[in-house]
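Source file query_32.cif; content: mmCIF, C-alpha atoms and all ligand atoms.
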```cif
data_model
#
loop_
_atom_site.label_atom_id
_atom_site.label_comp_id
_atom_site.auth_asym_id
_atom_site.auth_seq_id
_atom_site.Cartn_x
_atom_site.Cartn_y
_atom_site.Cartn_z
CA MET M 1216 71.01 -54.81 38.02
CA VAL M 1217 72.53 -51.62 39.59
CA HIS M 1218 74.43 -50.94 36.37
CA SER M 1219 71.47 -51.20 34.35
CA VAL M 1220 69.73 -48.68 36.59
CA ILE M 1221 72.63 -46.17 36.14
CA SER M 1222 72.71 -46.74 32.45
CA SER M 1223 69.01 -46.19 32.21
CA GLN M 1224 69.40 -42.95 34.28
CA LYS M 1225 72.04 -41.74 31.82
CA THR M 1226 69.80 -42.37 28.95
CA ALA M 1227 67.07 -40.41 30.63
CA ALA M 1228 69.42 -37.44 31.03
CA GLN M 1229 70.39 -37.65 27.40
CA CYS M 1230 66.82 -37.82 26.48
CA TYR M 1231 66.11 -34.76 28.62
CA GLU M 1232 68.83 -32.85 26.81
CA ALA M 1233 67.63 -33.92 23.43
CA ASP M 1234 64.06 -33.03 24.25
CA ASN M 1235 64.61 -29.74 26.00
CA VAL M 1236 67.70 -28.69 24.02
CA VAL M 1237 69.51 -26.94 26.85
CA CYS M 1238 73.32 -26.92 26.51
CA ASP M 1239 75.08 -26.75 23.13
CA GLY M 1240 74.58 -24.89 19.83
CA THR M 1241 72.97 -27.79 18.02
CA ALA M 1242 70.24 -27.97 20.54
CA HIS M 1243 69.62 -24.20 20.27
CA SER M 1244 69.17 -24.29 16.51
CA GLY M 1245 66.69 -27.19 16.91
CA LYS M 1246 64.62 -24.99 19.22
CA LYS M 1247 64.60 -22.20 16.61
CA GLU M 1248 63.47 -24.66 13.97
CA ILE M 1249 60.59 -25.88 16.09
CA THR M 1250 59.57 -22.31 16.94
CA ALA M 1251 59.69 -21.46 13.23
CA GLN M 1252 57.63 -24.53 12.44
CA ARG M 1253 55.14 -23.55 15.10
CA ASP M 1254 54.99 -19.99 13.77
CA GLY M 1255 54.54 -21.39 10.27
CA SER M 1256 51.64 -23.60 11.19
CA GLU M 1257 50.03 -20.81 13.26
CA ALA M 1258 50.31 -18.50 10.25
CA GLU M 1259 48.77 -21.23 8.09
CA THR M 1260 45.89 -21.70 10.53
CA GLY M 1261 45.38 -17.95 10.74
CA LYS M 1262 45.23 -17.75 6.94
CA GLN M 1263 42.71 -20.59 6.80
CA VAL M 1264 40.56 -18.91 9.45
CA ARG M 1265 40.70 -15.62 7.58
CA GLU M 1266 39.79 -17.32 4.31
CA ARG M 1267 36.95 -19.18 5.93
CA THR M 1268 35.68 -16.03 7.62
CA ALA M 1269 35.77 -14.20 4.28
CA ARG M 1270 33.84 -17.05 2.64
CA LEU M 1271 31.27 -17.05 5.44
CA ARG M 1272 30.93 -13.27 5.09
CA GLN M 1273 30.29 -13.69 1.37
CA ILE M 1274 27.67 -16.37 2.01
CA ASN M 1275 26.08 -14.21 4.69
CA ALA M 1276 25.95 -11.21 2.35
CA ARG M 1277 24.40 -13.38 -0.38
CA LEU M 1278 21.78 -14.76 2.03
CA THR M 1279 20.98 -11.27 3.30
CA ALA M 1280 20.52 -10.08 -0.30
CA GLU M 1281 18.33 -13.12 -1.06
CA ILE M 1282 16.19 -12.48 2.01
CA ALA M 1283 15.80 -8.81 1.05
CA GLU M 1284 14.90 -9.86 -2.52
CA ARG M 1285 12.31 -12.33 -1.23
CA ARG M 1286 10.82 -9.70 1.06
CA ARG M 1287 10.55 -7.35 -1.89
CA ALA M 1288 8.90 -10.09 -3.99
CA GLU M 1289 6.50 -10.90 -1.14
CA GLN M 1290 5.54 -7.26 -0.77
CA ALA M 1291 5.07 -6.92 -4.53
CA LEU M 1292 2.86 -10.04 -4.49
CA GLN M 1293 0.78 -8.68 -1.61
CA GLN M 1294 0.40 -5.36 -3.39
CA SER M 1295 -0.67 -7.01 -6.62
CA GLN M 1296 -3.15 -9.22 -4.71
CA GLN M 1297 -4.57 -6.11 -3.07
CA LEU M 1298 -4.78 -4.39 -6.45
CA LEU M 1299 -6.52 -7.42 -7.96
CA ARG M 1300 -9.01 -7.39 -5.10
CA GLU M 1301 -9.71 -3.71 -5.64
CA LEU M 1302 -9.97 -4.26 -9.38
CA GLY M 1303 -12.46 -7.10 -8.78
CA ARG M 1304 -14.52 -4.88 -6.50
CA HIS M 1305 -14.42 -2.02 -8.96
CA THR M 1306 -15.37 -4.30 -11.87
CA GLY M 1307 -18.26 -5.65 -9.79
CA GLU M 1308 -19.51 -2.14 -9.12
CA ILE M 1309 -19.25 -1.22 -12.81
CA ILE M 1310 -21.16 -4.37 -13.78
CA GLU M 1311 -23.96 -3.55 -11.31
CA GLU M 1312 -24.12 0.04 -12.58
CA GLU M 1313 -24.18 -1.13 -16.18
CA ARG M 1314 -26.95 -3.63 -15.45
CA LYS M 1315 -29.02 -0.90 -13.84
CA ARG M 1316 -28.46 1.35 -16.87
CA ILE M 1317 -29.49 -1.36 -19.35
CA ALA M 1318 -32.55 -2.18 -17.22
CA ARG M 1319 -33.54 1.50 -17.18
CA GLU M 1320 -33.17 1.77 -20.97
CA LEU M 1321 -35.12 -1.42 -21.56
CA HIS M 1322 -37.86 -0.11 -19.33
CA ASP M 1323 -37.95 3.42 -20.74
CA GLN M 1324 -37.58 2.55 -24.40
CA LEU M 1325 -38.56 -1.00 -25.24
CA GLY M 1326 -41.09 -1.26 -22.40
CA GLN M 1327 -42.81 2.03 -23.21
CA ASN M 1328 -42.86 1.31 -26.96
CA LEU M 1329 -44.39 -2.10 -26.39
CA MET M 1330 -47.11 -0.53 -24.24
CA ALA M 1331 -47.83 2.02 -27.00
CA LEU M 1332 -47.94 -0.76 -29.60
CA ARG M 1333 -50.34 -2.75 -27.42
CA ILE M 1334 -52.71 0.22 -27.19
CA ASP M 1335 -52.59 0.69 -31.00
CA VAL M 1336 -53.33 -2.97 -31.66
CA LEU M 1337 -56.14 -2.88 -29.10
CA MET M 1338 -57.66 0.04 -31.01
CA MET M 1339 -57.35 -1.91 -34.28
CA GLN M 1340 -59.14 -4.83 -32.65
CA ARG M 1341 -61.96 -2.54 -31.60
CA ALA M 1342 -62.10 -0.92 -35.05
CA ALA M 1343 -62.21 -4.28 -36.81
CA GLY M 1344 -65.10 -5.29 -34.56
CA ASP M 1345 -67.02 -8.40 -35.61
CA ASP M 1346 -67.16 -7.40 -39.29
CA HIS M 1347 -63.74 -8.80 -40.17
CA PRO M 1348 -63.26 -12.10 -38.37
CA GLY M 1349 -59.99 -12.85 -40.23
CA VAL M 1350 -58.47 -9.51 -39.17
CA ALA M 1351 -59.79 -9.90 -35.64
CA GLU M 1352 -58.07 -13.27 -35.33
CA THR M 1353 -54.73 -11.87 -36.57
CA VAL M 1354 -55.02 -8.90 -34.20
CA ARG M 1355 -55.76 -11.24 -31.26
CA SER M 1356 -52.66 -13.24 -32.04
CA ALA M 1357 -50.59 -10.01 -32.36
CA LEU M 1358 -51.90 -8.91 -28.94
CA ASN M 1359 -50.89 -12.24 -27.41
CA ASN M 1360 -47.41 -11.86 -28.87
CA ILE M 1361 -47.11 -8.33 -27.55
CA ASP M 1362 -48.22 -9.47 -24.09
CA SER M 1363 -45.67 -12.24 -23.98
CA MET M 1364 -42.99 -9.79 -25.16
CA ILE M 1365 -43.94 -7.37 -22.36
CA LYS M 1366 -43.70 -10.23 -19.87
CA ASN M 1367 -40.26 -11.23 -21.17
CA VAL M 1368 -38.95 -7.69 -21.10
CA ARG M 1369 -40.18 -7.32 -17.50
CA SER M 1370 -38.44 -10.50 -16.51
CA ILE M 1371 -35.20 -9.38 -18.20
CA ILE M 1372 -35.46 -6.04 -16.39
CA ASN M 1373 -36.06 -7.82 -13.08
CA ASN M 1374 -32.99 -9.98 -13.60
CA LEU M 1375 -30.87 -7.01 -14.54
CA ARG M 1376 -32.00 -4.55 -11.95
CA PRO M 1377 -32.04 -6.26 -8.60
CA ALA M 1378 -35.53 -6.17 -7.22
CA VAL M 1379 -34.01 -5.71 -3.79
CA LEU M 1380 -33.44 -2.06 -4.62
CA ASP M 1381 -37.14 -1.55 -5.18
CA LEU M 1382 -38.89 -4.10 -3.00
CA GLY M 1383 -36.66 -4.37 0.07
CA LEU M 1384 -34.74 -7.34 1.41
CA SER M 1385 -37.52 -9.53 2.85
CA ALA M 1386 -39.78 -9.34 -0.21
CA THR M 1387 -36.87 -9.92 -2.59
CA PHE M 1388 -35.65 -12.93 -0.61
CA GLU M 1389 -39.15 -14.40 -0.61
CA TRP M 1390 -39.39 -13.96 -4.36
CA GLU M 1391 -35.90 -15.37 -5.05
CA VAL M 1392 -36.43 -18.39 -2.83
CA LYS M 1393 -39.84 -19.15 -4.35
CA GLU M 1394 -38.42 -18.82 -7.86
CA PHE M 1395 -35.53 -21.13 -6.98
CA GLU M 1396 -37.89 -23.69 -5.48
CA ARG M 1397 -40.03 -23.61 -8.61
CA ARG M 1398 -37.10 -23.90 -11.03
CA SER M 1399 -35.05 -26.49 -9.15
CA GLY M 1400 -37.72 -28.56 -7.44
CA ILE M 1401 -35.67 -28.39 -4.22
CA ALA M 1402 -37.76 -27.70 -1.11
CA CYS M 1403 -36.78 -24.43 0.58
CA THR M 1404 -37.58 -22.72 3.85
CA LEU M 1405 -36.95 -19.05 4.48
CA THR M 1406 -36.83 -17.77 8.05
CA THR M 1407 -36.47 -14.10 8.82
CA ASP M 1408 -36.64 -12.58 12.28
CA ARG M 1409 -38.32 -9.35 11.20
CA SER M 1410 -40.71 -8.22 8.52
CA GLU M 1411 -38.28 -5.76 6.97
CA PHE M 1412 -34.58 -5.00 7.19
CA GLN M 1413 -33.41 -1.43 6.98
CA VAL M 1414 -30.22 -1.80 4.96
CA ASP M 1415 -28.38 0.34 2.48
CA ASP M 1416 -28.18 -0.63 -1.21
CA ALA M 1417 -24.62 -2.02 -0.97
CA ARG M 1418 -25.47 -4.49 1.80
CA ALA M 1419 -28.85 -5.40 0.32
CA LEU M 1420 -27.26 -6.09 -3.06
CA ALA M 1421 -24.40 -8.10 -1.49
CA LEU M 1422 -26.85 -10.28 0.47
CA LEU M 1423 -28.97 -10.87 -2.63
CA ARG M 1424 -25.95 -11.88 -4.75
CA ILE M 1425 -24.68 -14.17 -1.98
CA LEU M 1426 -28.10 -15.83 -1.77
CA GLN M 1427 -28.24 -16.23 -5.57
CA GLU M 1428 -24.72 -17.74 -5.82
CA SER M 1429 -25.33 -20.07 -2.85
CA LEU M 1430 -28.60 -21.33 -4.34
CA THR M 1431 -26.97 -21.79 -7.75
CA ASN M 1432 -24.24 -23.84 -6.04
CA VAL M 1433 -26.84 -25.97 -4.29
CA ALA M 1434 -28.54 -26.69 -7.61
CA ARG M 1435 -25.24 -27.37 -9.41
CA HIS M 1436 -23.17 -29.26 -6.87
CA ALA M 1437 -25.06 -30.33 -3.77
CA ASN M 1438 -27.54 -32.91 -5.01
CA ALA M 1439 -29.72 -31.76 -2.12
CA ASP M 1440 -33.47 -32.02 -1.68
CA ARG M 1441 -33.75 -29.32 0.93
CA VAL M 1442 -32.32 -25.87 1.62
CA ASP M 1443 -32.89 -23.79 4.75
CA ILE M 1444 -32.27 -20.08 4.42
CA ARG M 1445 -32.10 -17.82 7.45
CA LEU M 1446 -31.85 -14.08 7.40
CA HIS M 1447 -31.55 -12.46 10.78
CA GLY M 1448 -29.82 -9.61 12.50
CA ASP M 1449 -28.94 -7.90 15.73
CA ARG M 1450 -27.96 -4.32 16.40
CA ARG M 1451 -24.49 -4.76 14.96
CA TYR M 1452 -24.68 -7.49 12.30
CA LEU M 1453 -26.85 -8.98 9.60
CA TYR M 1454 -26.52 -12.72 9.09
CA LEU M 1455 -27.38 -14.85 6.11
CA GLN M 1456 -27.21 -18.61 6.39
CA VAL M 1457 -27.84 -21.04 3.54
CA ALA M 1458 -27.78 -24.68 4.62
CA ASP M 1459 -28.34 -27.63 2.28
CA ASN M 1460 -28.61 -31.33 3.02
CA GLY M 1461 -26.57 -32.46 0.02
CA VAL M 1462 -23.30 -34.24 -0.59
CA GLY M 1463 -21.12 -31.63 1.13
CA ASP M 1464 -17.64 -31.02 -0.15
CA PHE M 1465 -13.99 -31.10 0.80
CA PRO M 1466 -11.97 -27.91 1.22
CA SER M 1467 -9.77 -28.91 -1.72
CA CYS M 1468 -12.80 -29.08 -4.04
CA ARG M 1469 -13.57 -25.46 -3.39
CA ARG M 1470 -10.39 -24.08 -4.91
CA LYS M 1471 -10.97 -25.09 -8.50
CA ALA M 1472 -9.52 -23.22 -11.42
CA ASN M 1473 -12.15 -20.98 -13.01
CA ALA M 1474 -14.42 -21.31 -10.00
CA PHE M 1475 -15.08 -17.81 -8.78
CA GLY M 1476 -18.46 -18.11 -7.06
CA LEU M 1477 -17.21 -18.63 -3.52
CA ILE M 1478 -14.29 -16.26 -4.09
CA GLY M 1479 -16.77 -13.63 -5.27
CA ILE M 1480 -18.84 -14.14 -2.11
CA GLN M 1481 -15.70 -13.86 0.02
CA GLU M 1482 -14.69 -10.65 -1.73
CA ARG M 1483 -18.13 -9.08 -1.37
CA VAL M 1484 -18.23 -9.93 2.32
CA SER M 1485 -14.67 -8.66 2.95
CA ALA M 1486 -15.36 -5.43 1.05
CA LEU M 1487 -18.12 -4.69 3.58
CA GLY M 1488 -15.96 -5.66 6.56
CA GLY M 1489 -17.85 -8.90 7.16
CA ASN M 1490 -17.09 -12.56 7.65
CA LEU M 1491 -17.76 -15.71 5.66
CA SER M 1492 -17.70 -19.21 7.08
CA ILE M 1493 -18.40 -22.51 5.37
CA ALA M 1494 -19.10 -25.64 7.34
CA THR M 1495 -19.33 -28.91 5.48
CA GLU M 1496 -18.87 -32.60 5.92
CA LYS M 1497 -19.00 -35.30 3.32
CA GLY M 1498 -22.59 -36.51 2.98
CA LYS M 1499 -23.87 -33.97 5.49
CA GLY M 1500 -24.45 -30.94 3.31
CA LEU M 1501 -22.91 -27.52 3.33
CA THR M 1502 -23.76 -24.47 5.41
CA LEU M 1503 -22.60 -21.06 4.32
CA THR M 1504 -22.86 -18.19 6.79
CA ALA M 1505 -22.14 -14.60 5.89
CA SER M 1506 -22.19 -11.86 8.49
CA LEU M 1507 -22.12 -8.20 7.55
CA PRO M 1508 -21.54 -5.45 10.09
CA LEU M 1509 -24.15 -2.70 10.09
CA PRO M 1510 -22.96 0.91 9.91
CA VAL M 1511 -22.47 2.44 13.36
CA GLU M 1512 -25.37 4.81 14.10
N1 LIG N 1601 -23.50 -26.42 -1.72
C1 LIG N 1601 -22.44 -27.12 -2.18
N2 LIG N 1601 -22.38 -28.46 -2.02
C2 LIG N 1601 -21.31 -29.17 -2.47
N3 LIG N 1601 -20.21 -28.61 -3.03
C3 LIG N 1601 -20.21 -27.27 -3.21
C4 LIG N 1601 -21.30 -26.46 -2.79
N4 LIG N 1601 -20.98 -25.17 -3.06
C5 LIG N 1601 -19.77 -25.19 -3.64
N5 LIG N 1601 -19.30 -26.44 -3.73
C6 LIG N 1601 -17.98 -26.87 -4.27
O1 LIG N 1601 -17.13 -25.73 -4.32
C7 LIG N 1601 -16.68 -25.53 -5.65
C8 LIG N 1601 -16.47 -24.05 -5.92
O2 LIG N 1601 -17.71 -23.36 -5.98
P1 LIG N 1601 -17.78 -21.99 -6.77
O3 LIG N 1601 -16.64 -21.14 -6.28
O4 LIG N 1601 -19.13 -21.43 -6.60
O5 LIG N 1601 -17.46 -22.36 -8.27
P2 LIG N 1601 -18.37 -23.14 -9.36
O6 LIG N 1601 -19.79 -23.17 -8.85
O7 LIG N 1601 -18.24 -22.31 -10.60
O8 LIG N 1601 -17.76 -24.52 -9.49
C9 LIG N 1601 -17.70 -26.18 -6.52
O9 LIG N 1601 -17.17 -26.54 -7.78
C10 LIG N 1601 -18.10 -27.38 -5.69
O10 LIG N 1601 -17.15 -28.43 -5.82
MG MG N 1602 -20.76 -21.46 -8.08
#
```
Since I need it in another form, could you write the structure as structure tokens?
Amino acid sequence: MVHSVISSQKTAAQCYEADNVVCDGTAHSGKKEITAQRDGSEAETGKQVRERTARLRQINARLTAEIAERRRAEQALQQSQQLLRELGRHTGEIIEEERKRIARELHDQLGQNLMALRIDVLMMQRAAGDDHPGVAETVRSALNNIDSMIKNVRSIINNLRPAVLDLGLSATFEWEVKEFERRSGIACTLTTDRSEFQVDDARALALLRILQESLTNVARHANADRVDIRLHGDRRYLYLQVADNGVGDFPSCRRKANAFGLIGIQERVSALGGNLSIATEKGKGLTLTASLPLPVE
């Protein structure tokens, strides 16, 4: 038992020597080897870390370049959207100007000529008197044709040159709403909180076009039998609300390809610094509200 203890102590001492390599040359060279091994693996680890760091740097540089590229693309997109908006506004202004010009020419040339022709034919009718019943009949029919042509030209002129520029906002709205009611058979109410609105041409024209597009949408999409239109204002804003009792729509329906009515309204309102809101629920109609700020006095 004792022996075995001694023997086991001896072994422990040997083990200590072997492990810690203290006394002879062999042990010393073992230590060097281990140190070299340790240095080798440290160098290896260092290399790996350096390689990995370099790779991470590369990835980082690539990501930074990608982010910068995306930012540039985003800015370019925003710029081109802004340009498109300005182009749309500019095109709209040109169209309005062109319509006014055509209306003026129709009025000054065709309109005046038709009036002159009517007077001439009237004189012929008088000259023919009762002596030439055949001629009188033909002249009467020519007069009727001329009258209906005059009426048509007037209506074309009215459609081209917005009446709002001549008649004012309230009268134009009344006329538009009545016309819409007659054409569509949809019952309309128009409420205004004053007899006349003092607004500049740009705002008057924008409100008229918004009303026209909203009513066209009601006739085309809403399947409504009633529309309530409200035009009111305070010292800072003018408000136009068009509310129908039709099918309503979902937001996704409004962004259709080739559907530019609501976008056009939005652009007109934004161009004048205003706001557009659309409230709708399936089966409960659609209410469009546009508010336009008035110029500061
Ligand atoms: N009053 C409305 N009631 C129901 N849906 C409507 C109404 N107004 C607009 N919409 C929906 O919004 C869409 C986009 O309208 P709009 O931009 O004017 O284009 P468009 O009339 O040419 O289709 C319509 O196609 C329709 O689905
Ligand atoms: Mg439309």
Between M:Leu1422, M:Leu1329, M:Ala1342, M:Ala1351, smallest distance to Glu1391 (chain M) by only C-alpha atoms belongs to M:Leu1422
Separation of CA of Ile1365 (chain M) and CA of Ala1318 (chain M), in Å?
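Computing the Euclidean distance for CA of Ile1365 (chain M) and CA of Ala1318 (chain M) yields 13.5 Å.
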Could you give me, as a list in words, every polymer residue with an atom at most 10 Å away from an atom of ligand MG 1602 (chain N), counting only C-alpha atoms and all ligand atoms?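 Listed by chain and ascending number, the contacts are Gln1427, Glu1428, Ser1429, Leu1430, Thr1431, Asn1432, Val1433, Ala1434, Arg1435, His1436, Arg1469, Asn1473, Ala1474, Phe1475, Gly1476, Leu1477, Ile1478, Gly1479 and Ile1480 of chain M.
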* To do: Using only C-alpha atoms, determine which residues lie at most 12 Å from Ala1386 (chain M), disregarding the query and same-chain residues fewer than 5 positions distant; provide the list as a ChimeraX atom specification.
  => /M:1377-1381,1391-1393,1405,1407,1409-1412,1419,1423,1446
Neighbours of Glu1308 (chain M) within 10 Å (all atoms listed in the file; same-chain residues fewer than 6 positions away dropped), as a PDB file with C-alpha atoms, keeping the file's coordinate frame?
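Written output follows (out_11.pdb):
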```
ATOM      1  CA  LEU M1302      -9.970  -4.260  -9.380  1.00  0.00           C
ATOM      2  CA  ARG M1314     -26.950  -3.630 -15.450  1.00  0.00           C
ATOM      3  CA  ALA M1417     -24.620  -2.020  -0.970  1.00  0.00           C
TER       4      ALA M1417
END
```
Exercise on ligand LIG 1601 (chain N), axis-aligned box with 3 Å per side, report centre and edge lengths in Å to one decimal, as lines of an AutoDock Vina configuration file:
```
center_x = -20.0
center_y = -25.2
center_z = -6.2
size_x = 13.0
size_y = 14.0
size_z = 14.9
```
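Of the listed residues M:Val1264, M:Leu1332, M:Ile1309, M:Ala1458, the one whose atoms come nearest to ligand LIG 1601 (chain N) is M:Ala1458, with distances taken using all atoms listed in the file.
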Expressed in Å, the length from atom C7 of ligand LIG 1601 (chain N) to CA of Arg1397 (chain M) is 23.6 Å
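With only C-alpha atoms and all ligand atoms as the atoms that count, the residue of M:Cys1403, M:Ala1486, M:Leu1501, M:Ile1371 with the shortest distance to ligand LIG 1601 (chain N) is M:Leu1501.
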| message | Given only C-alpha atoms as the basis, pick out the residue of M:Glu1284, M:Glu1512, M:Asp1416, M:Asp1464 nearest to Glu1496 (chain M). | response |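 Closest residue, counting only C-alpha atoms: M:Asp1464.
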Shell of 10 Å around Leu1375 (chain M), all atoms listed in the file, local chain residues under 4 positions omitted, as an NGL selection string:
:M and (1311-1319 or 1321 or 1369-1371)
One residue among M:Asn1275, M:Asn1328, M:Thr1404, M:Gln1481 is nearest to Glu1389 (chain M) when using all atoms listed in the file, and that residue is M:Thr1404
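Using only C-alpha atoms, the shortest contact distance between Leu1487 (chain M) and any of M:Arg1304, M:Lys1366, M:Arg1287, M:Arg1267 is found at M:Arg1304.
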Atom pair CA of Leu1455 (chain M) + CA of Ser1506 (chain M), distance 6.4 Å
Which polymer residues, protein or nucleic acid, are no farther than 6 Å from (-27.4, -19.6, 7.4), counting only C-alpha atoms, as an MDAnalysis selection string? chainID M and resid 1444:1445 1455:1458 1503:1504
Non-local contacts of Thr1353 (chain M) (12 Å; all atoms listed in the file; under 5 positions in same chain excluded) as a count of residues only:
10
Taking (-31.9, -33.4, -6.6) as a centre in this file's frame and 12 Å as the limit, can you find every polymer residue with an atom that close, using all atoms listed in the file, and give them as a list of chain:residue names?
M:Glu1396, M:Arg1398, M:Ser1399, M:Gly1400, M:Ile1401, M:Ala1402, M:Val1433, M:Ala1434, M:Arg1435, M:His1436, M:Ala1437, M:Asn1438, M:Ala1439, M:Asp1440, M:Arg1441, M:Val1442, M:Asp1459, M:Asn1460, M:Gly1461, M:Val1462
